Amino acid sequence: MPKKTKDVFKPKRNNRFSRLRGMKDVLFDEYKYWDLIIRKASDLADFYGFQRMEVPILEKLNLYERSTGRDTDIVSKEMYSFIDKSGDKIALRPEATPGIARAYIEHGLFNKPQPVKTFWLGPLFRHEKPQSGRSRQHSQFNFDIYGEDSPVADAQLILIAYNFYKELQIGVQVQINSIGCKECRDEYIQKLTDFYKERGKRSKLCVDCKKRFLKNPLRLLDCKEKDCIEVREEAPQIVDSLCDACREHFIKVLEYLDELDVPYNLNPFLVRGLDYYNRTVFEIIPFEEEAEDENIFLRQSSLGGGGRYDGLIEILGGRPTPACGFGLGIERTILKIKEKNIPLNKEEKNFIFLAQLGDQARRKMFILFEEMRRSGYQVRQAFTKDSLKAQLEESNRIGAKYSLILGQKELLDGTIIVRDMESGTQEVIDYKKIYSDIDKRLEAGKEEKN
RNA sequence: GUGGCUAUAGUUCAACGGUUAGAACAUCGGCUUGUGGUGCCGAUGAUGAGGGUUCGAUUCCCUCUAGCCACCCCA
């Protein structure tokens with residue numbers, strides 16, 4: 001080890017190479033949570049027949065303008081967009097669905113047996129003001145079903161999202177609504193604007209809502225201002241305006257959820273912010289039954305959401321294809337896991353630590369390590385360390401079950417020391433009997449457990 | 001994007017405007033040059049950046065940066 005001198009480079013925090021705002025490093029301990037989520041999501045994907053795919057992080061800007069919607073906040077205010085060296089307008093994906101839909105069209109996935117069910121997981125970018133549970137790069141995983149208009153698809157997706165949290169022991173509730181199809185929604189918007197035009201109701205609205213009235217009246221429904229909520233009470237509800245087909249679709253989705261005991265809350269004010277949604281829309285919010293202040297969960301940001309987007313593929317130039325899907329926020333889920341102290345049930349492995357003293361012993365152990373690894377043992381080592389003390393510290397740190405210690409003396413005698421790390425007892429055995437001895441010990445350990 | 005709060009070792013915290021900015025945990029080393037998980041001793045290591053006020057600033061003021069909270073929006 002070189003001695004430290006005062007000339008040694010000292011990294012400083014917040015220096016000119018520091019992280020970009022709203023970006024996060026995921027270090028070792030944190031990654032355990034990612035692991036858990038990725039595993040759980042992959043298992044569900046497997047089980048329900050969704051196949052993993054990935055699409056580029058960069059796409060053409062117009063993909064999002066046309067699908068997500070030029071006027072949505074995500075596209076108009078929060079997107080990382082730029083012109084690249086060839087002069088193309090590019091964007092870092094702010095959400096996943098458009099890219100996946102684009103891939104569906106581009107690779108002719110409509111020629112595969114339908115429905116095509118995709119599982120996607122990756123980072124998204126939105127230039128927002130960061131706070132906890134909201135950074136400029138975050139990750140989601142999405143489940144999408146293309147080429148299926150049956151309400152079973154909607155219900156199954158909701159079920160999967162619900163199961164995901166249930167199995168993680170996180171209490172959630174499904175907020176659900178139907179925003180109909182283009183026809184019945186337009187009719188409803190007409191009714192809604194007519195309602196707001198009555199006797200100076202508009203004057204009671206907040207500044208934002210006055211704008212919403214003109215630009216996107218549906219959004220009047222999810223304003224949180226007190227006065228706006230008051231006016232809203234009497235407003236017509238979209239479920240009453242659904243056309244027969246849309247109503248029937250929605251009812252069937254709810255019936256499936258009822259039969260599966262998925263708790264949901266019919267929320268007539270749920271309107272999702274992206275242009276391409278139709279019919280079923282839903283959001284997954286944290287929910288504690290014992291919560292005294294119901295504002296606690298109302299205020300909390302949602303863990304994920306989704307819905308149907310039957311028109312999207314056509315908008316992007318594909319043949320008309322019904323589709324639906326959802327996305328769940330990985331970081332927000334991790335926040336919940338930590339908040340609720342949900343244990344990461346780590347696999348119990350019987351680590352065997354190989355410790356050595358002296359160059360010759362090190363060489364021998366170096367080879368033994370490879371041998372044991374190939375034979376399927378969970379071997380661990382710290383061959384860069386010289387002192388036995390440091391090696392046993394490491395062995396202890398990783399929770400090894402046994403340490404095999406080889407020094408000069410053992411080398412000469414053709415023996416090796418087996419140390420039981422829990423009890424601290426150790427035994428000198430014939431070097432040749434390593435495998436049989438370890439096997440015997442592990443077998444005994446197994447029986448003791450049963 | 002709007003408003004507010006905050007910023008000290010790797011981490012969690014301390015320091016009436018006044019000596020050398022303290023501690024715990026973590027890290028490394030030693031006690032024990034062949035023995036970890038509990039002990040003892042020691043070492044490394046910080047005032048986010050830049051200005052200003054002052055004899056003197058971690059402390060007061062300004063700007064920037066970052067984080068947090070609320071809103072907006074959303075995952």
# chains A, B, ... in the order shown; residues from 1 in each chain; ligands from 1
call {"tool": "interface_residues", "arguments": {"of": "chain A", "to": "chain B", "cutoff": "9 Å", "atoms": "only C-alpha atoms (C1' of nucleotides)", "output": "NGL selection string"}}
result
:A and (13-15 or 21 or 73-74 or 77 or 128-134 or 138-140 or 273 or 301-305 or 327-332 or 357 or 387-397 or 407 or 421-422 or 424)
call {"tool": "residues_around", "arguments": {"residues": "Ala96 (chain A)", "least_positions_apart": "2", "cutoff": "9 Å", "atoms": "only C-alpha atoms (C1' of nucleotides)", "output": "MDAnalysis selection string"}}
result
chainID A and resid 55 57 93:94 98:101 120:124 140:142 327
call {"tool": "write_last_selection", "arguments": {"atoms": "N, CA and C atoms", "output": "PDB file, in the first residue's frame"}}
result
ATOM      1  N   VAL A  55     -36.490  -1.019 -25.463  1.00  0.00           N
ATOM      2  CA  VAL A  55     -36.494  -0.121 -26.613  1.00  0.00           C
ATOM      3  C   VAL A  55     -35.504   1.001 -26.326  1.00  0.00           C
ATOM      4  N   ILE A  57     -33.531   4.418 -25.468  1.00  0.00           N
ATOM      5  CA  ILE A  57     -33.801   5.521 -24.555  1.00  0.00           C
ATOM      6  C   ILE A  57     -34.063   6.792 -25.354  1.00  0.00           C
ATOM      7  N   ARG A  93     -36.587   9.506 -23.644  1.00  0.00           N
ATOM      8  CA  ARG A  93     -37.974   9.084 -23.436  1.00  0.00           C
ATOM      9  C   ARG A  93     -38.508   9.534 -22.082  1.00  0.00           C
ATOM     10  N   PRO A  94     -39.648  10.226 -22.087  1.00  0.00           N
ATOM     11  CA  PRO A  94     -40.263  10.644 -20.828  1.00  0.00           C
ATOM     12  C   PRO A  94     -41.235   9.589 -20.318  1.00  0.00           C
ATOM     13  N   PRO A  98     -45.029   4.955 -25.778  1.00  0.00           N
ATOM     14  CA  PRO A  98     -44.867   5.275 -27.196  1.00  0.00           C
ATOM     15  C   PRO A  98     -43.748   4.486 -27.872  1.00  0.00           C
ATOM     16  N   GLY A  99     -42.650   4.312 -27.197  1.00  0.00           N
ATOM     17  CA  GLY A  99     -41.547   3.559 -27.778  1.00  0.00           C
ATOM     18  C   GLY A  99     -41.910   2.097 -28.008  1.00  0.00           C
ATOM     19  N   ILE A 100     -42.613   1.531 -27.052  1.00  0.00           N
ATOM     20  CA  ILE A 100     -43.019   0.132 -27.172  1.00  0.00           C
ATOM     21  C   ILE A 100     -44.031  -0.022 -28.312  1.00  0.00           C
ATOM     22  N   ALA A 101     -44.956   0.944 -28.376  1.00  0.00           N
ATOM     23  CA  ALA A 101     -45.955   0.914 -29.458  1.00  0.00           C
ATOM     24  C   ALA A 101     -45.259   1.058 -30.813  1.00  0.00           C
ATOM     25  N   TRP A 120     -41.554  -4.595 -19.908  1.00  0.00           N
ATOM     26  CA  TRP A 120     -40.460  -3.677 -20.154  1.00  0.00           C
ATOM     27  C   TRP A 120     -40.039  -3.053 -18.832  1.00  0.00           C
ATOM     28  N   LEU A 121     -38.756  -2.801 -18.660  1.00  0.00           N
ATOM     29  CA  LEU A 121     -38.269  -2.159 -17.446  1.00  0.00           C
ATOM     30  C   LEU A 121     -37.090  -1.269 -17.807  1.00  0.00           C
ATOM     31  N   GLY A 122     -37.139  -0.037 -17.352  1.00  0.00           N
ATOM     32  CA  GLY A 122     -36.029   0.843 -17.692  1.00  0.00           C
ATOM     33  C   GLY A 122     -36.211   2.267 -17.210  1.00  0.00           C
ATOM     34  N   PRO A 123     -35.228   3.100 -17.497  1.00  0.00           N
ATOM     35  CA  PRO A 123     -35.244   4.480 -17.021  1.00  0.00           C
ATOM     36  C   PRO A 123     -36.020   5.426 -17.928  1.00  0.00           C
ATOM     37  N   LEU A 124     -36.589   6.435 -17.307  1.00  0.00           N
ATOM     38  CA  LEU A 124     -37.325   7.483 -18.012  1.00  0.00           C
ATOM     39  C   LEU A 124     -36.803   8.825 -17.524  1.00  0.00           C
ATOM     40  N   GLN A 140     -39.307   2.666 -14.325  1.00  0.00           N
ATOM     41  CA  GLN A 140     -40.595   2.005 -14.216  1.00  0.00           C
ATOM     42  C   GLN A 140     -40.486   0.637 -14.840  1.00  0.00           C
ATOM     43  N   PHE A 141     -41.456  -0.191 -14.511  1.00  0.00           N
ATOM     44  CA  PHE A 141     -41.631  -1.353 -15.377  1.00  0.00           C
ATOM     45  C   PHE A 141     -43.057  -1.338 -15.879  1.00  0.00           C
ATOM     46  N   ASN A 142     -43.228  -1.780 -17.098  1.00  0.00           N
ATOM     47  CA  ASN A 142     -44.536  -1.743 -17.742  1.00  0.00           C
ATOM     48  C   ASN A 142     -44.973  -3.126 -18.201  1.00  0.00           C
ATOM     49  N   GLY A 327     -47.816   1.081 -15.903  1.00  0.00           N
ATOM     50  CA  GLY A 327     -46.435   1.242 -15.477  1.00  0.00           C
ATOM     51  C   GLY A 327     -46.390   1.484 -13.986  1.00  0.00           C
TER      52      GLY A 327
END
call {"tool": "select_by_dssp", "arguments": {"residues": "region 261-424 of chain A", "states": "alpha helix (DSSP H)", "output": "MDAnalysis selection string"}}
result
chainID A and resid 295:299 312:315 330:339 359:374 388:397 408:413
call {"tool": "write_last_selection", "arguments": {"atoms": "N, CA and C atoms", "output": "short mmCIF file (atom, residue, chain, number, x, y, z; two decimals), in the first residue's frame"}}
result
data_model
loop_
_atom_site.label_atom_id
_atom_site.label_comp_id
_atom_site.auth_asym_id
_atom_site.auth_seq_id
_atom_site.Cartn_x
_atom_site.Cartn_y
_atom_site.Cartn_z
N ASN A 295 -56.36 12.13 4.23
CA ASN A 295 -55.55 12.96 3.34
C ASN A 295 -54.16 12.37 3.13
N ILE A 296 -53.73 11.59 4.13
CA ILE A 296 -52.40 11.01 4.03
C ILE A 296 -52.24 10.26 2.73
N PHE A 297 -53.24 9.45 2.41
CA PHE A 297 -53.05 8.69 1.17
C PHE A 297 -53.52 9.43 -0.06
N LEU A 298 -54.43 10.37 0.16
CA LEU A 298 -54.86 11.14 -1.01
C LEU A 298 -53.73 11.99 -1.52
N ARG A 299 -52.95 12.49 -0.58
CA ARG A 299 -51.90 13.42 -0.95
C ARG A 299 -50.69 12.68 -1.55
N LEU A 312 -53.81 4.36 -30.00
CA LEU A 312 -52.40 4.75 -30.11
C LEU A 312 -51.69 4.17 -31.34
N ILE A 313 -51.85 2.90 -31.55
CA ILE A 313 -51.14 2.27 -32.67
C ILE A 313 -51.54 2.93 -34.00
N GLU A 314 -52.80 3.24 -34.12
CA GLU A 314 -53.28 3.86 -35.35
C GLU A 314 -52.69 5.27 -35.50
N ILE A 315 -52.67 6.00 -34.40
CA ILE A 315 -52.10 7.35 -34.43
C ILE A 315 -50.67 7.30 -34.94
N ILE A 330 -40.48 2.29 -9.88
CA ILE A 330 -39.58 1.46 -9.07
C ILE A 330 -39.09 2.20 -7.83
N GLU A 331 -38.60 3.43 -8.01
CA GLU A 331 -38.07 4.17 -6.86
C GLU A 331 -39.15 4.43 -5.82
N ARG A 332 -40.33 4.75 -6.28
CA ARG A 332 -41.42 5.01 -5.32
C ARG A 332 -41.79 3.74 -4.57
N THR A 333 -41.72 2.63 -5.26
CA THR A 333 -41.99 1.36 -4.61
C THR A 333 -40.93 1.07 -3.55
N ILE A 334 -39.69 1.37 -3.89
CA ILE A 334 -38.61 1.16 -2.93
C ILE A 334 -38.80 2.03 -1.70
N LEU A 335 -39.20 3.27 -1.92
CA LEU A 335 -39.48 4.17 -0.81
C LEU A 335 -40.52 3.56 0.14
N LYS A 336 -41.52 2.96 -0.44
CA LYS A 336 -42.58 2.32 0.35
C LYS A 336 -42.03 1.12 1.12
N ILE A 337 -41.21 0.32 0.43
CA ILE A 337 -40.65 -0.86 1.08
C ILE A 337 -39.84 -0.44 2.30
N LYS A 338 -39.07 0.61 2.14
CA LYS A 338 -38.25 1.10 3.25
C LYS A 338 -39.12 1.68 4.36
N GLU A 339 -40.08 2.46 3.96
CA GLU A 339 -40.98 3.11 4.91
C GLU A 339 -41.67 2.08 5.79
N ASP A 359 2.58 -17.10 0.68
CA ASP A 359 2.42 -17.15 -0.76
C ASP A 359 2.04 -18.52 -1.28
N GLN A 360 2.70 -19.53 -0.73
CA GLN A 360 2.45 -20.88 -1.22
C GLN A 360 1.02 -21.31 -0.94
N ALA A 361 0.60 -21.02 0.28
CA ALA A 361 -0.76 -21.36 0.68
C ALA A 361 -1.77 -20.61 -0.18
N ARG A 362 -1.44 -19.35 -0.45
CA ARG A 362 -2.33 -18.54 -1.26
C ARG A 362 -2.53 -19.18 -2.64
N ARG A 363 -1.42 -19.61 -3.22
CA ARG A 363 -1.51 -20.24 -4.54
C ARG A 363 -2.39 -21.47 -4.52
N LYS A 364 -2.20 -22.26 -3.49
CA LYS A 364 -2.96 -23.50 -3.40
C LYS A 364 -4.46 -23.20 -3.23
N MET A 365 -4.75 -22.20 -2.40
CA MET A 365 -6.14 -21.85 -2.15
C MET A 365 -6.78 -21.21 -3.38
N PHE A 366 -5.97 -20.49 -4.11
CA PHE A 366 -6.42 -19.85 -5.33
C PHE A 366 -6.98 -20.91 -6.28
N ILE A 367 -6.26 -22.03 -6.36
CA ILE A 367 -6.69 -23.12 -7.22
C ILE A 367 -7.89 -23.85 -6.63
N LEU A 368 -7.81 -24.08 -5.31
CA LEU A 368 -8.91 -24.76 -4.64
C LEU A 368 -10.22 -23.99 -4.82
N PHE A 369 -10.09 -22.68 -4.77
CA PHE A 369 -11.28 -21.83 -4.92
C PHE A 369 -12.00 -22.13 -6.23
N GLU A 370 -11.22 -22.17 -7.31
CA GLU A 370 -11.82 -22.45 -8.62
C GLU A 370 -12.43 -23.85 -8.67
N GLU A 371 -11.73 -24.78 -8.08
CA GLU A 371 -12.23 -26.14 -8.04
C GLU A 371 -13.58 -26.22 -7.33
N MET A 372 -13.63 -25.60 -6.16
CA MET A 372 -14.85 -25.67 -5.36
C MET A 372 -15.99 -24.92 -6.02
N ARG A 373 -15.63 -23.80 -6.63
CA ARG A 373 -16.66 -23.01 -7.32
C ARG A 373 -17.29 -23.84 -8.44
N ARG A 374 -16.44 -24.53 -9.19
CA ARG A 374 -16.96 -25.35 -10.29
C ARG A 374 -17.79 -26.52 -9.78
N LEU A 388 -4.36 -13.03 8.55
CA LEU A 388 -5.48 -13.93 8.80
C LEU A 388 -6.62 -13.16 9.45
N LYS A 389 -6.24 -12.23 10.28
CA LYS A 389 -7.23 -11.41 10.98
C LYS A 389 -8.15 -10.71 9.98
N ALA A 390 -7.54 -10.06 9.03
CA ALA A 390 -8.32 -9.34 8.03
C ALA A 390 -9.21 -10.28 7.24
N GLN A 391 -8.68 -11.47 6.99
CA GLN A 391 -9.46 -12.43 6.21
C GLN A 391 -10.65 -12.95 7.00
N LEU A 392 -10.43 -13.23 8.28
CA LEU A 392 -11.55 -13.72 9.09
C LEU A 392 -12.59 -12.63 9.32
N GLU A 393 -12.11 -11.39 9.37
CA GLU A 393 -13.06 -10.28 9.48
C GLU A 393 -14.00 -10.28 8.28
N GLU A 394 -13.41 -10.45 7.13
CA GLU A 394 -14.19 -10.48 5.90
C GLU A 394 -15.15 -11.67 5.90
N SER A 395 -14.61 -12.80 6.34
CA SER A 395 -15.42 -14.01 6.41
C SER A 395 -16.63 -13.78 7.31
N ASN A 396 -16.39 -13.13 8.41
CA ASN A 396 -17.45 -12.82 9.36
C ASN A 396 -18.46 -11.85 8.76
N ARG A 397 -17.95 -10.85 8.09
CA ARG A 397 -18.79 -9.80 7.50
C ARG A 397 -19.80 -10.40 6.53
N GLN A 408 1.44 -22.28 6.59
CA GLN A 408 2.66 -23.03 6.34
C GLN A 408 2.61 -24.43 6.97
N LYS A 409 2.18 -24.43 8.22
CA LYS A 409 2.16 -25.68 8.98
C LYS A 409 1.29 -26.73 8.30
N GLU A 410 0.09 -26.32 7.94
CA GLU A 410 -0.85 -27.24 7.30
C GLU A 410 -0.31 -27.71 5.95
N LEU A 411 0.31 -26.76 5.28
CA LEU A 411 0.88 -27.08 3.97
C LEU A 411 1.85 -28.25 4.08
N LEU A 412 2.71 -28.19 5.14
CA LEU A 412 3.70 -29.25 5.33
C LEU A 412 3.05 -30.56 5.75
N ASP A 413 2.01 -30.44 6.60
CA ASP A 413 1.38 -31.64 7.12
C ASP A 413 0.37 -32.26 6.18
#
call {"tool": "residues_around", "arguments": {"residues": "region 206-210 of chain A", "least_positions_apart": "4", "cutoff": "7 Å", "atoms": "only C-alpha atoms (C1' of nucleotides)", "output": "ChimeraX atom specification"}}
result
/A:202,214,220,228
call {"tool": "atom_distance", "arguments": {"atom1": "CA of Asn163 (chain A)", "atom2": "CA of Arg272 (chain A)"}}
result
22.0 Å
call {"tool": "atom_distance", "arguments": {"atom1": "CA of Gln173 (chain A)", "atom2": "CA of Val26 (chain A)"}}
result
28.3 Å
call {"tool": "residues_around", "arguments": {"residues": "G30 (chain B)", "least_positions_apart": "3", "cutoff": "12 Å", "atoms": "only C-alpha atoms (C1' of nucleotides)", "output": "PyMOL selection string"}}
result
chain B and resi 33+40-43
call {"tool": "write_last_selection", "arguments": {"atoms": "N, CA and C atoms (P, O5', C5', C4', C3', O3' and C1' of nucleotides)", "output": "short mmCIF file (atom, residue, chain, number, x, y, z; two decimals), in the first residue's frame"}}
result
data_model
loop_
_atom_site.label_atom_id
_atom_site.label_comp_id
_atom_site.auth_asym_id
_atom_site.auth_seq_id
_atom_site.Cartn_x
_atom_site.Cartn_y
_atom_site.Cartn_z
P U B 33 1.40 -11.10 16.73
"O5'" U B 33 1.16 -11.93 15.42
"C5'" U B 33 0.46 -11.38 14.35
"C4'" U B 33 1.41 -11.16 13.19
"C3'" U B 33 2.28 -12.37 12.88
"O3'" U B 33 1.64 -13.10 11.84
"C1'" U B 33 3.50 -10.29 12.76
P C B 40 -13.74 -0.43 25.04
"O5'" C B 40 -12.16 -0.24 25.12
"C5'" C B 40 -11.50 -0.28 26.38
"C4'" C B 40 -10.01 -0.36 26.17
"C3'" C B 40 -9.43 0.71 25.25
"O3'" C B 40 -9.23 1.94 25.93
"C1'" C B 40 -8.56 -1.39 24.63
P C B 41 -9.39 3.30 25.13
"O5'" C B 41 -8.02 3.35 24.32
"C5'" C B 41 -6.78 3.45 25.00
"C4'" C B 41 -5.64 3.38 24.02
"C3'" C B 41 -5.71 4.37 22.87
"O3'" C B 41 -5.27 5.66 23.22
"C1'" C B 41 -5.16 2.24 22.03
P G B 42 -5.90 6.95 22.52
"O5'" G B 42 -5.35 6.82 21.03
"C5'" G B 42 -3.99 7.14 20.75
"C4'" G B 42 -3.62 6.66 19.37
"C3'" G B 42 -4.21 7.42 18.20
"O3'" G B 42 -3.59 8.66 17.97
"C1'" G B 42 -4.24 5.10 17.76
P A B 43 -4.37 9.85 17.22
"O5'" A B 43 -4.32 9.32 15.72
"C5'" A B 43 -3.07 9.24 15.03
"C4'" A B 43 -3.29 8.64 13.67
"C3'" A B 43 -4.23 9.43 12.77
"O3'" A B 43 -3.55 10.48 12.12
"C1'" A B 43 -4.82 7.15 12.71
#
call {"tool": "residues_around", "arguments": {"residues": "region 340-354 of chain A", "least_positions_apart": "4", "cutoff": "7 Å", "atoms": "only C-alpha atoms (C1' of nucleotides)", "output": "ChimeraX atom specification"}}
result
/A:336,365,378-381,395,400-405
call {"tool": "residues_around", "arguments": {"residues": "A9 (chain B)", "least_positions_apart": "5", "cutoff": "12 Å", "atoms": "only C-alpha atoms (C1' of nucleotides)", "output": "PyMOL selection string"}}
result
(chain A and resi 12-13) or (chain B and resi 21-27+44-47)
call {"tool": "write_last_selection", "arguments": {"atoms": "N, CA and C atoms (P, O5', C5', C4', C3', O3' and C1' of nucleotides)", "output": "CSV table (one decimal), in the first residue's frame"}}
result
chain,number,residue,atom,x,y,z
A,12,LYS,N,-13.9,16.1,-3.9
A,12,LYS,CA,-14.8,16.9,-3.1
A,12,LYS,C,-16.2,16.8,-3.6
A,13,ARG,N,-17.1,16.9,-2.6
A,13,ARG,CA,-18.5,16.9,-3.0
A,13,ARG,C,-18.8,18.2,-3.6
B,21,A,P,-9.5,23.5,14.0
B,21,A,O5',-10.7,22.8,14.9
B,21,A,C5',-11.3,23.5,15.9
B,21,A,C4',-12.7,23.1,16.0
B,21,A,C3',-13.0,21.6,15.8
B,21,A,O3',-12.9,20.9,17.0
B,21,A,C1',-14.4,22.8,14.4
B,22,G,P,-11.6,20.2,17.5
B,22,G,O5',-12.0,19.3,18.7
B,22,G,C5',-12.6,18.1,18.5
B,22,G,C4',-13.8,17.9,19.3
B,22,G,C3',-14.3,16.5,19.2
B,22,G,O3',-13.7,15.7,20.2
B,22,G,C1',-16.1,18.0,18.7
B,23,A,P,-13.2,14.2,19.8
B,23,A,O5',-14.6,13.4,19.7
B,23,A,C5',-15.2,13.1,20.9
B,23,A,C4',-16.7,12.7,20.7
B,23,A,C3',-16.9,11.3,19.9
B,23,A,O3',-16.6,10.2,20.8
B,23,A,C1',-18.4,12.9,19.2
B,24,A,P,-16.1,8.9,20.2
B,24,A,O5',-17.4,8.2,19.7
B,24,A,C5',-18.5,7.9,20.6
B,24,A,C4',-19.7,7.5,19.8
B,24,A,C3',-19.4,6.5,18.7
B,24,A,O3',-19.5,5.2,19.2
B,24,A,C1',-20.6,8.3,17.7
B,25,C,P,-18.5,4.1,18.7
B,25,C,O5',-19.1,3.7,17.2
B,25,C,C5',-20.4,3.1,17.1
B,25,C,C4',-20.9,3.2,15.7
B,25,C,C3',-20.0,2.6,14.6
B,25,C,O3',-20.0,1.2,14.5
B,25,C,C1',-20.8,4.7,13.9
B,26,A,P,-18.8,0.4,14.1
B,26,A,O5',-18.5,1.0,12.6
B,26,A,C5',-19.4,0.6,11.5
B,26,A,C4',-19.0,1.2,10.2
B,26,A,C3',-17.5,1.0,9.8
B,26,A,O3',-17.4,-0.3,9.1
B,26,A,C1',-18.0,3.3,9.6
B,27,U,P,-16.1,-1.1,9.2
B,27,U,O5',-15.0,-0.2,8.5
B,27,U,C5',-15.1,0.0,7.1
B,27,U,C4',-14.0,0.9,6.6
B,27,U,C3',-12.6,0.5,7.0
B,27,U,O3',-12.1,-0.5,6.1
B,27,U,C1',-12.9,2.8,7.5
B,44,U,P,-4.3,11.8,11.7
B,44,U,O5',-5.2,11.3,10.4
B,44,U,C5',-4.5,10.8,9.3
B,44,U,C4',-5.5,10.2,8.3
B,44,U,C3',-6.6,11.1,7.9
B,44,U,O3',-6.2,12.0,6.8
B,44,U,C1',-7.4,9.0,8.4
B,45,G,P,-6.4,13.6,7.0
B,45,G,O5',-7.9,13.7,6.8
B,45,G,C5',-8.5,13.3,5.6
B,45,G,C4',-10.0,13.0,5.8
B,45,G,C3',-10.7,14.2,6.3
B,45,G,O3',-11.1,15.1,5.2
B,45,G,C1',-11.3,12.3,7.5
B,46,A,P,-10.9,16.7,5.5
B,46,A,O5',-12.4,17.1,5.7
B,46,A,C5',-13.4,17.0,4.7
B,46,A,C4',-14.7,17.6,5.2
B,46,A,C3',-14.6,19.1,5.5
B,46,A,O3',-14.8,19.8,4.3
B,46,A,C1',-15.7,17.9,7.2
B,47,U,P,-14.1,21.2,4.1
B,47,U,O5',-14.9,22.2,5.1
B,47,U,C5',-15.9,23.1,4.6
B,47,U,C4',-17.1,22.8,5.4
B,47,U,C3',-18.2,23.9,5.2
B,47,U,O3',-19.5,23.3,5.2
B,47,U,C1',-17.7,23.6,7.5
call {"tool": "select_by_dssp", "arguments": {"residues": "region 139-382 of chain A", "states": "strand (DSSP E or B)", "output": "ChimeraX atom specification"}}
result
/A:139-146,172-178,264-266,278-286,304-308,323-329,352-356,379-381
call {"tool": "write_last_selection", "arguments": {"atoms": "C-alpha atoms", "output": "PDB file, in the first residue's frame"}}
result
ATOM      1  CA  SER A 139     -37.406   3.839 -13.564  1.00  0.00           C
ATOM      2  CA  GLN A 140     -40.595   2.005 -14.216  1.00  0.00           C
ATOM      3  CA  PHE A 141     -41.631  -1.353 -15.377  1.00  0.00           C
ATOM      4  CA  ASN A 142     -44.536  -1.743 -17.742  1.00  0.00           C
ATOM      5  CA  PHE A 143     -46.877  -4.557 -18.648  1.00  0.00           C
ATOM      6  CA  ASP A 144     -48.711  -4.024 -21.930  1.00  0.00           C
ATOM      7  CA  ILE A 145     -51.140  -6.064 -23.974  1.00  0.00           C
ATOM      8  CA  TYR A 146     -51.486  -5.370 -27.690  1.00  0.00           C
ATOM      9  CA  VAL A 172     -52.511  -0.288  -2.172  1.00  0.00           C
ATOM     10  CA  GLN A 173     -55.812   0.678  -3.616  1.00  0.00           C
ATOM     11  CA  VAL A 174     -56.854   0.790  -7.232  1.00  0.00           C
ATOM     12  CA  GLN A 175     -58.481   4.009  -8.311  1.00  0.00           C
ATOM     13  CA  ILE A 176     -60.451   3.335 -11.444  1.00  0.00           C
ATOM     14  CA  ASN A 177     -62.590   5.165 -13.952  1.00  0.00           C
ATOM     15  CA  SER A 178     -63.629   4.990 -17.560  1.00  0.00           C
ATOM     16  CA  TYR A 264     -60.913  -0.728  -6.102  1.00  0.00           C
ATOM     17  CA  ASN A 265     -62.371   2.685  -5.689  1.00  0.00           C
ATOM     18  CA  LEU A 266     -64.571   4.037  -8.424  1.00  0.00           C
ATOM     19  CA  ASN A 278     -59.542   5.789 -23.636  1.00  0.00           C
ATOM     20  CA  ARG A 279     -62.027   3.701 -21.702  1.00  0.00           C
ATOM     21  CA  THR A 280     -60.373   2.182 -18.629  1.00  0.00           C
ATOM     22  CA  VAL A 281     -57.965   4.365 -16.682  1.00  0.00           C
ATOM     23  CA  PHE A 282     -56.556   3.436 -13.302  1.00  0.00           C
ATOM     24  CA  GLU A 283     -54.005   4.424 -10.743  1.00  0.00           C
ATOM     25  CA  ILE A 284     -52.368   2.482  -7.941  1.00  0.00           C
ATOM     26  CA  ILE A 285     -52.096   4.501  -4.762  1.00  0.00           C
ATOM     27  CA  PRO A 286     -50.683   3.558  -1.367  1.00  0.00           C
ATOM     28  CA  GLY A 304     -48.247   3.705 -10.847  1.00  0.00           C
ATOM     29  CA  GLY A 305     -51.074   3.741 -13.278  1.00  0.00           C
ATOM     30  CA  GLY A 306     -52.296   2.769 -16.654  1.00  0.00           C
ATOM     31  CA  GLY A 307     -55.267   2.172 -18.854  1.00  0.00           C
ATOM     32  CA  ARG A 308     -56.441   1.393 -22.315  1.00  0.00           C
ATOM     33  CA  ALA A 323     -54.104  -2.097 -26.419  1.00  0.00           C
ATOM     34  CA  CYS A 324     -53.769  -1.486 -22.735  1.00  0.00           C
ATOM     35  CA  GLY A 325     -51.079  -1.475 -20.100  1.00  0.00           C
ATOM     36  CA  PHE A 326     -49.673  -0.027 -16.926  1.00  0.00           C
ATOM     37  CA  GLY A 327     -46.435   1.242 -15.477  1.00  0.00           C
ATOM     38  CA  LEU A 328     -45.226   1.134 -11.891  1.00  0.00           C
ATOM     39  CA  GLY A 329     -42.556   3.378 -10.379  1.00  0.00           C
ATOM     40  CA  ILE A 352     -17.300 -21.256   2.695  1.00  0.00           C
ATOM     41  CA  PHE A 353     -14.473 -18.823   3.114  1.00  0.00           C
ATOM     42  CA  LEU A 354     -10.971 -19.735   1.977  1.00  0.00           C
ATOM     43  CA  ALA A 355      -8.266 -18.087   4.090  1.00  0.00           C
ATOM     44  CA  GLN A 356      -4.561 -18.394   3.487  1.00  0.00           C
ATOM     45  CA  VAL A 379     -16.931 -20.178  -1.869  1.00  0.00           C
ATOM     46  CA  ARG A 380     -15.707 -16.735  -0.924  1.00  0.00           C
ATOM     47  CA  GLN A 381     -12.213 -15.306  -0.470  1.00  0.00           C
TER      48      GLN A 381
END
call {"tool": "closest_residue", "arguments": {"among": "A:Tyr431, A:Tyr256, A:Phe110, A:Tyr188", "to": "Val152 (chain A)", "atoms": "only C-alpha atoms"}}
result
A:Tyr256
call {"tool": "residues_around", "arguments": {"residues": "Gly180 (chain A)", "least_positions_apart": "4", "cutoff": "9 Å", "atoms": "only C-alpha atoms (C1' of nucleotides)", "output": "VMD selection string"}}
result
chain A and resid 184 to 185 238 to 239 241 to 243 245 to 247 250 278 to 280
